[in-house]
file protein-v5.pdb (PDB, C-alpha atoms, pLDDT in the B column)
ATOM      1  CA  MET U1292      -0.460  44.933 -21.758  1.00 74.00           C
ATOM      2  CA  PHE U1293      -3.410  45.901 -19.476  1.00 78.00           C
ATOM      3  CA  LYS U1294      -5.978  44.598 -21.948  1.00 78.00           C
ATOM      4  CA  GLY U1295      -9.447  45.895 -21.015  1.00 79.00           C
ATOM      5  CA  PHE U1296      -8.061  48.655 -18.748  1.00 84.00           C
ATOM      6  CA  ARG U1297      -8.554  52.379 -19.279  1.00 82.00           C
ATOM      7  CA  LEU U1298      -6.077  55.207 -18.654  1.00 84.00           C
ATOM      8  CA  ASP U1299      -7.347  58.377 -16.981  1.00 85.00           C
ATOM      9  CA  ARG U1300      -6.302  61.330 -14.845  1.00 86.00           C
ATOM     10  CA  VAL U1301      -7.930  62.133 -11.496  1.00 83.00           C
ATOM     11  CA  ASP U1302      -7.713  65.654 -10.065  1.00 85.00           C
ATOM     12  CA  VAL U1303      -7.578  65.380  -6.249  1.00 81.00           C
ATOM     13  CA  GLY U1304      -6.896  69.065  -5.621  1.00 81.00           C
ATOM     14  CA  GLU U1305      -3.186  69.547  -5.036  1.00 78.00           C
ATOM     15  CA  VAL U1306      -2.087  66.934  -7.575  1.00 81.00           C
ATOM     16  CA  VAL U1307      -3.434  65.135 -10.611  1.00 84.00           C
ATOM     17  CA  LEU U1308      -3.071  61.360 -10.448  1.00 82.00           C
ATOM     18  CA  ARG U1309      -2.538  59.284 -13.565  1.00 82.00           C
ATOM     19  CA  VAL U1310      -4.424  56.020 -13.057  1.00 84.00           C
ATOM     20  CA  ARG U1311      -5.178  52.905 -15.047  1.00 84.00           C
ATOM     21  CA  TYR U1312      -8.265  50.975 -14.012  1.00 80.00           C
ATOM     22  CA  GLY U1313     -10.426  48.084 -15.074  1.00 81.00           C
ATOM     23  CA  GLY U1314     -12.620  45.243 -13.869  1.00 77.00           C
ATOM     24  CA  ALA U1315     -15.612  45.449 -11.541  1.00 72.00           C
ATOM     25  CA  GLY U1316     -16.476  44.875  -7.903  1.00 68.00           C
ATOM     26  CA  ALA U1317     -14.600  45.941  -4.786  1.00 67.00           C
ATOM     27  CA  PRO U1318     -11.708  48.287  -5.643  1.00 74.00           C
ATOM     28  CA  VAL U1319      -8.103  47.194  -5.137  1.00 77.00           C
ATOM     29  CA  VAL U1320      -5.423  49.894  -5.266  1.00 79.00           C
ATOM     30  CA  LEU U1321      -2.017  48.813  -6.580  1.00 78.00           C
ATOM     31  CA  LEU U1322       0.751  51.298  -5.845  1.00 75.00           C
ATOM     32  CA  HIS U1323       4.300  51.466  -7.134  1.00 72.00           C
ATOM     33  CA  GLY U1324       7.368  53.216  -5.789  1.00 65.00           C
ATOM     34  CA  HIS U1325       9.956  55.390  -7.490  1.00 58.00           C
ATOM     35  CA  PRO U1326      11.543  54.745  -9.966  1.00 58.00           C
ATOM     36  CA  ARG U1327       9.080  52.034 -11.007  1.00 68.00           C
ATOM     37  CA  THR U1328       5.891  52.696 -13.015  1.00 73.00           C
ATOM     38  CA  HIS U1329       2.411  51.211 -13.157  1.00 73.00           C
ATOM     39  CA  THR U1330       3.711  48.589 -15.586  1.00 75.00           C
ATOM     40  CA  THR U1331       5.082  46.835 -12.491  1.00 75.00           C
ATOM     41  CA  TRP U1332       1.555  45.418 -12.082  1.00 77.00           C
ATOM     42  CA  HIS U1333       0.965  44.450 -15.720  1.00 76.00           C
ATOM     43  CA  GLU U1334       0.694  40.754 -14.816  1.00 77.00           C
ATOM     44  CA  VAL U1335      -1.088  41.087 -11.453  1.00 76.00           C
ATOM     45  CA  ALA U1336      -3.778  43.662 -12.334  1.00 77.00           C
ATOM     46  CA  PRO U1337      -5.468  41.671 -15.132  1.00 78.00           C
ATOM     47  CA  ARG U1338      -5.651  38.619 -12.881  1.00 75.00           C
ATOM     48  CA  LEU U1339      -7.308  40.581 -10.079  1.00 74.00           C
ATOM     49  CA  ALA U1340      -9.769  42.083 -12.565  1.00 75.00           C
ATOM     50  CA  ALA U1341     -10.645  38.691 -14.093  1.00 73.00           C
ATOM     51  CA  PRO U1342     -14.310  37.631 -13.698  1.00 68.00           C
ATOM     52  CA  ARG U1343     -13.321  34.543 -11.695  1.00 64.00           C
ATOM     53  CA  MET U1344     -11.886  36.816  -8.991  1.00 63.00           C
ATOM     54  CA  ARG U1345     -15.068  38.849  -8.477  1.00 62.00           C
ATOM     55  CA  PRO U1346     -16.725  36.439  -5.990  1.00 65.00           C
ATOM     56  CA  THR U1347     -13.543  36.486  -3.893  1.00 62.00           C
ATOM     57  CA  MET U1348     -13.303  40.283  -3.944  1.00 60.00           C
ATOM     58  CA  ARG U1349     -16.995  40.670  -3.038  1.00 63.00           C
ATOM     59  CA  ARG U1350     -16.509  38.470   0.025  1.00 64.00           C
ATOM     60  CA  TRP U1351     -13.538  40.503   1.271  1.00 65.00           C
ATOM     61  CA  ARG U1352     -14.222  41.849   4.755  1.00 68.00           C
ATOM     62  CA  PRO U1353     -12.084  43.473   7.472  1.00 71.00           C
ATOM     63  CA  VAL U1354     -11.032  41.265  10.406  1.00 74.00           C
ATOM     64  CA  PRO U1355     -11.732  43.378  13.540  1.00 75.00           C
ATOM     65  CA  ALA U1356     -10.865  40.770  16.223  1.00 82.00           C
ATOM     66  CA  VAL U1357      -8.269  42.173  18.654  1.00 85.00           C
ATOM     67  CA  VAL U1358      -4.924  40.415  19.230  1.00 85.00           C
ATOM     68  CA  TRP U1359      -3.692  42.854  21.889  1.00 85.00           C
ATOM     69  CA  ARG U1360      -4.789  46.178  23.370  1.00 88.00           C
ATOM     70  CA  VAL U1361      -2.735  48.554  25.516  1.00 89.00           C
ATOM     71  CA  GLU U1362      -4.752  51.341  27.166  1.00 88.00           C
ATOM     72  CA  ALA U1363      -2.800  52.034  30.355  1.00 89.00           C
ATOM     73  CA  GLN U1364      -0.590  55.114  30.410  1.00 90.00           C
ATOM     74  CA  PRO U1365       2.225  55.783  29.835  1.00 89.00           C
ATOM     75  CA  TRP U1366       2.549  52.595  27.744  1.00 88.00           C
ATOM     76  CA  SER U1367      -0.188  53.489  25.275  1.00 89.00           C
ATOM     77  CA  GLY U1368       1.304  56.942  24.689  1.00 89.00           C
ATOM     78  CA  LEU U1369       4.780  55.448  24.379  1.00 90.00           C
ATOM     79  CA  LEU U1370       3.604  53.010  21.693  1.00 88.00           C
ATOM     80  CA  TRP U1371       1.904  55.809  19.728  1.00 87.00           C
ATOM     81  CA  THR U1372       5.144  57.819  19.939  1.00 89.00           C
ATOM     82  CA  VAL U1373       7.193  54.874  18.669  1.00 85.00           C
ATOM     83  CA  TYR U1374       4.566  54.338  15.949  1.00 82.00           C
ATOM     84  CA  ALA U1375       4.914  57.972  14.796  1.00 82.00           C
ATOM     85  CA  LEU U1376       8.711  57.745  14.853  1.00 80.00           C
ATOM     86  CA  GLY U1377       8.518  54.616  12.744  1.00 75.00           C
ATOM     87  CA  TRP U1378       6.600  56.426  10.006  1.00 71.00           C
ATOM     88  CA  TRP U1379       8.862  59.472  10.305  1.00 72.00           C
ATOM     89  CA  THR U1380      11.996  57.405   9.706  1.00 63.00           C
ATOM     90  CA  GLY U1381      10.137  55.633   6.900  1.00 56.00           C
ATOM     91  CA  THR U1382       9.724  58.787   4.810  1.00 56.00           C
ATOM     92  CA  TYR U1383      11.647  58.649   1.563  1.00 55.00           C
ATOM     93  CA  GLN U1384      14.702  60.794   0.963  1.00 55.00           C
ATOM     94  CA  SER U1385      17.180  60.535  -1.874  1.00 49.00           C
ATOM     95  CA  PRO U1386      20.538  61.892  -0.645  1.00 52.00           C
ATOM     96  CA  PRO U1387      23.896  60.936  -2.154  1.00 60.00           C
ATOM     97  CA  PHE U1388      25.413  57.830  -0.616  1.00 66.00           C
ATOM     98  CA  ARG U1389      26.934  58.712   2.762  1.00 68.00           C
ATOM     99  CA  ASP U1390      27.737  56.783   5.929  1.00 69.00           C
ATOM    100  CA  ARG U1391      25.990  59.334   8.136  1.00 70.00           C
ATOM    101  CA  TRP U1392      23.246  59.601  10.748  1.00 75.00           C
ATOM    102  CA  LEU U1393      21.112  56.470  10.937  1.00 81.00           C
ATOM    103  CA  TYR U1394      22.949  55.006   7.950  1.00 82.00           C
ATOM    104  CA  ALA U1395      26.083  54.805  10.090  1.00 82.00           C
ATOM    105  CA  TRP U1396      24.299  52.260  12.308  1.00 86.00           C
ATOM    106  CA  ILE U1397      22.085  50.306   9.902  1.00 86.00           C
ATOM    107  CA  ARG U1398      21.875  50.091   6.110  1.00 87.00           C
ATOM    108  CA  HIS U1399      18.079  50.341   5.823  1.00 88.00           C
ATOM    109  CA  PRO U1400      16.673  52.725   8.469  1.00 87.00           C
ATOM    110  CA  MET U1401      13.586  53.456   6.345  1.00 86.00           C
ATOM    111  CA  MET U1402      12.645  49.784   6.316  1.00 89.00           C
ATOM    112  CA  LEU U1403      13.284  49.489  10.043  1.00 90.00           C
ATOM    113  CA  GLY U1404      11.038  52.501  10.578  1.00 89.00           C
ATOM    114  CA  LEU U1405       8.248  50.853   8.603  1.00 89.00           C
ATOM    115  CA  LEU U1406       8.618  47.624  10.578  1.00 91.00           C
ATOM    116  CA  VAL U1407       8.368  49.570  13.825  1.00 91.00           C
ATOM    117  CA  ALA U1408       5.278  51.372  12.521  1.00 89.00           C
ATOM    118  CA  PHE U1409       3.699  48.051  11.500  1.00 90.00           C
ATOM    119  CA  TRP U1410       4.177  46.326  14.839  1.00 92.00           C
ATOM    120  CA  ALA U1411       4.346  49.048  17.537  1.00 90.00           C
ATOM    121  CA  THR U1412       0.637  49.547  18.167  1.00 86.00           C
ATOM    122  CA  PRO U1413      -1.343  49.497  21.439  1.00 87.00           C
ATOM    123  CA  ARG U1414      -4.233  47.701  19.676  1.00 87.00           C
ATOM    124  CA  MET U1415      -3.417  44.749  17.433  1.00 90.00           C
ATOM    125  CA  SER U1416      -6.397  43.344  15.543  1.00 90.00           C
ATOM    126  CA  VAL U1417      -6.261  40.207  13.442  1.00 89.00           C
ATOM    127  CA  GLY U1418      -6.562  42.370  10.326  1.00 88.00           C
ATOM    128  CA  HIS U1419      -3.665  44.555  11.482  1.00 90.00           C
ATOM    129  CA  LEU U1420      -1.669  41.416  12.270  1.00 92.00           C
ATOM    130  CA  PHE U1421      -2.226  40.129   8.731  1.00 91.00           C
ATOM    131  CA  PHE U1422      -1.173  43.515   7.357  1.00 90.00           C
ATOM    132  CA  ALA U1423       1.959  43.674   9.555  1.00 91.00           C
ATOM    133  CA  ALA U1424       2.977  40.127   8.668  1.00 93.00           C
ATOM    134  CA  ALA U1425       2.393  40.685   4.949  1.00 91.00           C
ATOM    135  CA  GLY U1426       4.240  44.024   5.072  1.00 91.00           C
ATOM    136  CA  THR U1427       7.154  42.414   6.871  1.00 92.00           C
ATOM    137  CA  GLY U1428       7.355  39.692   4.227  1.00 91.00           C
ATOM    138  CA  TYR U1429       7.183  42.304   1.475  1.00 90.00           C
ATOM    139  CA  ILE U1430      10.047  44.248   3.063  1.00 90.00           C
ATOM    140  CA  ALA U1431      12.133  41.082   3.422  1.00 90.00           C
ATOM    141  CA  VAL U1432      11.730  40.287  -0.267  1.00 90.00           C
ATOM    142  CA  GLY U1433      12.261  43.930  -1.261  1.00 89.00           C
ATOM    143  CA  LEU U1434      15.479  44.172   0.739  1.00 89.00           C
ATOM    144  CA  HIS U1435      16.873  41.159  -1.080  1.00 89.00           C
ATOM    145  CA  PHE U1436      16.425  42.842  -4.459  1.00 89.00           C
ATOM    146  CA  GLU U1437      17.464  46.274  -3.182  1.00 87.00           C
ATOM    147  CA  GLU U1438      20.719  44.878  -1.817  1.00 89.00           C
ATOM    148  CA  ARG U1439      21.384  43.177  -5.136  1.00 89.00           C
ATOM    149  CA  ASP U1440      20.784  46.426  -7.047  1.00 86.00           C
ATOM    150  CA  LEU U1441      22.901  48.525  -4.664  1.00 85.00           C
ATOM    151  CA  ARG U1442      25.837  46.148  -4.931  1.00 87.00           C
ATOM    152  CA  ARG U1443      25.528  46.200  -8.691  1.00 86.00           C
ATOM    153  CA  GLN U1444      25.247  50.009  -8.925  1.00 82.00           C
ATOM    154  CA  LEU U1445      27.770  51.081  -6.267  1.00 81.00           C
ATOM    155  CA  GLY U1446      30.203  48.174  -6.460  1.00 85.00           C
ATOM    156  CA  ASP U1447      33.026  47.913  -3.949  1.00 86.00           C
ATOM    157  CA  VAL U1448      31.931  51.043  -2.057  1.00 85.00           C
ATOM    158  CA  TYR U1449      28.672  49.425  -1.021  1.00 86.00           C
ATOM    159  CA  ARG U1450      30.219  45.992  -0.422  1.00 88.00           C
ATOM    160  CA  GLU U1451      32.683  47.501   2.040  1.00 88.00           C
ATOM    161  CA  TYR U1452      29.828  49.417   3.681  1.00 87.00           C
ATOM    162  CA  ALA U1453      27.714  46.228   3.944  1.00 88.00           C
ATOM    163  CA  ASP U1454      30.632  44.408   5.576  1.00 88.00           C
ATOM    164  CA  ARG U1455      30.777  47.044   8.322  1.00 86.00           C
ATOM    165  CA  VAL U1456      27.124  47.973   8.876  1.00 88.00           C
ATOM    166  CA  PRO U1457      24.234  45.553   9.574  1.00 88.00           C
ATOM    167  CA  ALA U1458      21.100  45.668   7.436  1.00 88.00           C
ATOM    168  CA  LEU U1459      18.414  46.327  10.066  1.00 87.00           C
ATOM    169  CA  ILE U1460      19.383  45.611  13.680  1.00 84.00           C
ATOM    170  CA  PRO U1461      22.850  46.369  15.066  1.00 78.00           C
ATOM    171  CA  SER U1462      24.163  44.098  17.797  1.00 72.00           C
ATOM    172  CA  PRO U1463      25.294  45.605  21.141  1.00 73.00           C
ATOM    173  CA  ALA U1464      28.877  44.850  20.114  1.00 71.00           C
ATOM    174  CA  ASP U1465      28.393  46.775  16.855  1.00 65.00           C
ATOM    175  CA  LEU U1466      26.953  49.750  18.747  1.00 64.00           C
ATOM    176  CA  ALA U1467      29.820  49.798  21.232  1.00 67.00           C
ATOM    177  CA  GLU U1468      32.452  49.434  18.525  1.00 67.00           C
ATOM    178  CA  ARG U1469      31.030  52.159  16.287  1.00 62.00           C
ATOM    179  CA  SER U1470      30.473  54.539  19.219  1.00 62.00           C
ATOM    180  CA  GLY U1471      34.069  54.043  20.307  1.00 62.00           C
ATOM    181  CA  ALA U1472      35.398  54.514  16.784  1.00 57.00           C
ATOM    182  CA  ARG U1473      33.448  57.738  16.289  1.00 55.00           C
ATOM    183  CA  GLY U1474      34.576  59.006  19.669  1.00 54.00           C
ATOM    184  CA  ARG U1475      38.219  58.435  18.728  1.00 52.00           C
ATOM    185  CA  ARG U1476      37.756  60.282  15.416  1.00 50.00           C
ATOM    186  CA  THR U1477      36.083  63.338  16.969  1.00 48.00           C
ATOM    187  CA  GLY U1478      37.168  65.910  19.468  1.00 49.00           C
ATOM    188  CA  PRO U1479      35.188  68.270  21.710  1.00 49.00           C
ATOM    189  CA  GLY U1480      31.882  69.367  20.243  1.00 50.00           C
ATOM    190  CA  GLY U1481      31.865  66.496  17.750  1.00 48.00           C
ATOM    191  CA  ARG U1482      34.507  68.134  15.545  1.00 51.00           C
ATOM    192  CA  PRO U1483      36.921  65.808  13.687  1.00 47.00           C
ATOM    193  CA  ARG U1484      40.302  65.452  15.368  1.00 48.00           C
ATOM    194  CA  ARG U1485      43.254  66.782  13.410  1.00 48.00           C
ATOM    195  CA  GLY U1486      44.686  64.034  11.273  1.00 44.00           C
ATOM    196  CA  ALA U1487      41.742  61.652  11.851  1.00 40.00           C
ATOM    197  CA  PRO U1488      40.762  59.845   8.662  1.00 40.00           C
ATOM    198  CA  ASP U1489      37.311  60.350   7.207  1.00 44.00           C
ATOM    199  CA  SER U1490      35.904  56.878   6.555  1.00 41.00           C
ATOM    200  CA  SER U1491      32.626  58.132   5.109  1.00 43.00           C
ATOM    201  CA  PRO U1492      32.100  56.456   1.705  1.00 41.00           C
ATOM    202  CA  ARG U1493      31.424  58.750  -1.177  1.00 40.00           C
ATOM    203  CA  GLY U1494      28.822  57.825  -3.762  1.00 38.00           C
TER     204      GLY U1494
END
call {"tool": "encode", "arguments": {"input": "protein-v5.pdb", "output": "structure tokens"}}
result
Amino acid sequence: MFKGFRLDRVDVGEVVLRVRYGGAGAPVVLLHGHPRTHTTWHEVAPRLAAPRMRPTMRRWRPVPAVVWRVEAQPWSGLLWTVYALGWWTGTYQSPPFRDRWLYAWIRHPMMLGLLVAFWATPRMSVGHLFFAAAGTGYIAVGLHFEERDLRRQLGDVYREYADRVPALIPSPADLAERSGARGRRTGPGGRPRRGAPDSSPRG
């Protein structure tokens, strides 16, 4: 595994990164998410580092052509705000399984946040468009496997949750139904009404 690669540690100040590197030419950074490790790339990395790939990597260039540009206010500022909110909702948290906050409306708010951050930009270059399209495809594939793992790990609790809550985009009917249901379960100040059942799944 990783034949011809070297393992090293890089001190970047606040943290020390454990990296495995190899090959020559333009650098390509392969990242992995928790709980995966660098072995996720054990088949891809050697292929990218192969000598036959070096001409391709040397010819890699950014694509600066603009697809759209929004400069007029307040639209430009609004798009930057939506962009920032997209990344904010895309930050990773690992709470216990609860049907609360954004998770009461959609099953994957982090992924929706990333999609918003990919596409909500006042200046869309061809390079950015390629990145957004590739990122969207990556998320679509990732959600397929994440759903499979969640159903396997959480069982009937998650299946019942998935039956009630859409994956990414709630329909207007879903929003109206869930708002009405929460209003019936809560009293003044958002406090639960006496005798109202708590439908929040526990994981």
call {"tool": "atom_distance", "arguments": {"input": "protein-v5.pdb", "atom1": "CA of Arg1309 (chain U)", "atom2": "CA of Lys1294 (chain U)"}}
result
17.3 Å
call {"tool": "closest_residue", "arguments": {"input": "protein-v5.pdb", "among": "U:Pro1318, U:Pro1463, U:Gly1377, U:Pro1353", "to": "Ala1411 (chain U)", "atoms": "only C-alpha atoms"}}
result
U:Gly1377
call {"tool": "resolve_selection", "arguments": {"input": "protein-v5.pdb", "expression": "the PyMOL selection byres ((chain U and resi 1434-1437) around 12)", "output": "ChimeraX atom specification"}}
result
/U:1398-1403,1427-1433,1438-1445,1449,1458-1459
call {"tool": "atom_distance", "arguments": {"input": "protein-v5.pdb", "atom1": "CA of Ala1356 (chain U)", "atom2": "CA of Met1415 (chain U)"}}
result
8.5 Å
call {"tool": "resolve_selection", "arguments": {"input": "protein-v5.pdb", "expression": "the PyMOL selection byres ((chain U and resi 1373) around 12)", "output": "list of chain:residue names"}}
result
U:Trp1366, U:Ser1367, U:Gly1368, U:Leu1369, U:Leu1370, U:Trp1371, U:Thr1372, U:Tyr1374, U:Ala1375, U:Leu1376, U:Gly1377, U:Trp1378, U:Trp1379, U:Thr1380, U:Leu1403, U:Gly1404, U:Leu1405, U:Leu1406, U:Val1407, U:Ala1408, U:Phe1409, U:Trp1410, U:Ala1411, U:Thr1412, U:Pro1413
call {"tool": "closest_residue", "arguments": {"input": "protein-v5.pdb", "among": "U:Val1417, U:Ala1425, U:Ala1453, U:Val1310", "to": "Thr1328 (chain U)", "atoms": "only C-alpha atoms"}}
result
U:Val1310
call {"tool": "atom_distance", "arguments": {"input": "protein-v5.pdb", "atom1": "CA of Leu1321 (chain U)", "atom2": "CA of Ser1416 (chain U)"}}
result
23.2 Å
call {"tool": "closest_residue", "arguments": {"input": "protein-v5.pdb", "among": "U:Ile1397, U:Ala1424, U:Val1357, U:Ala1341", "to": "Pro1457 (chain U)", "atoms": "all atoms listed in the file"}}
result
U:Ile1397
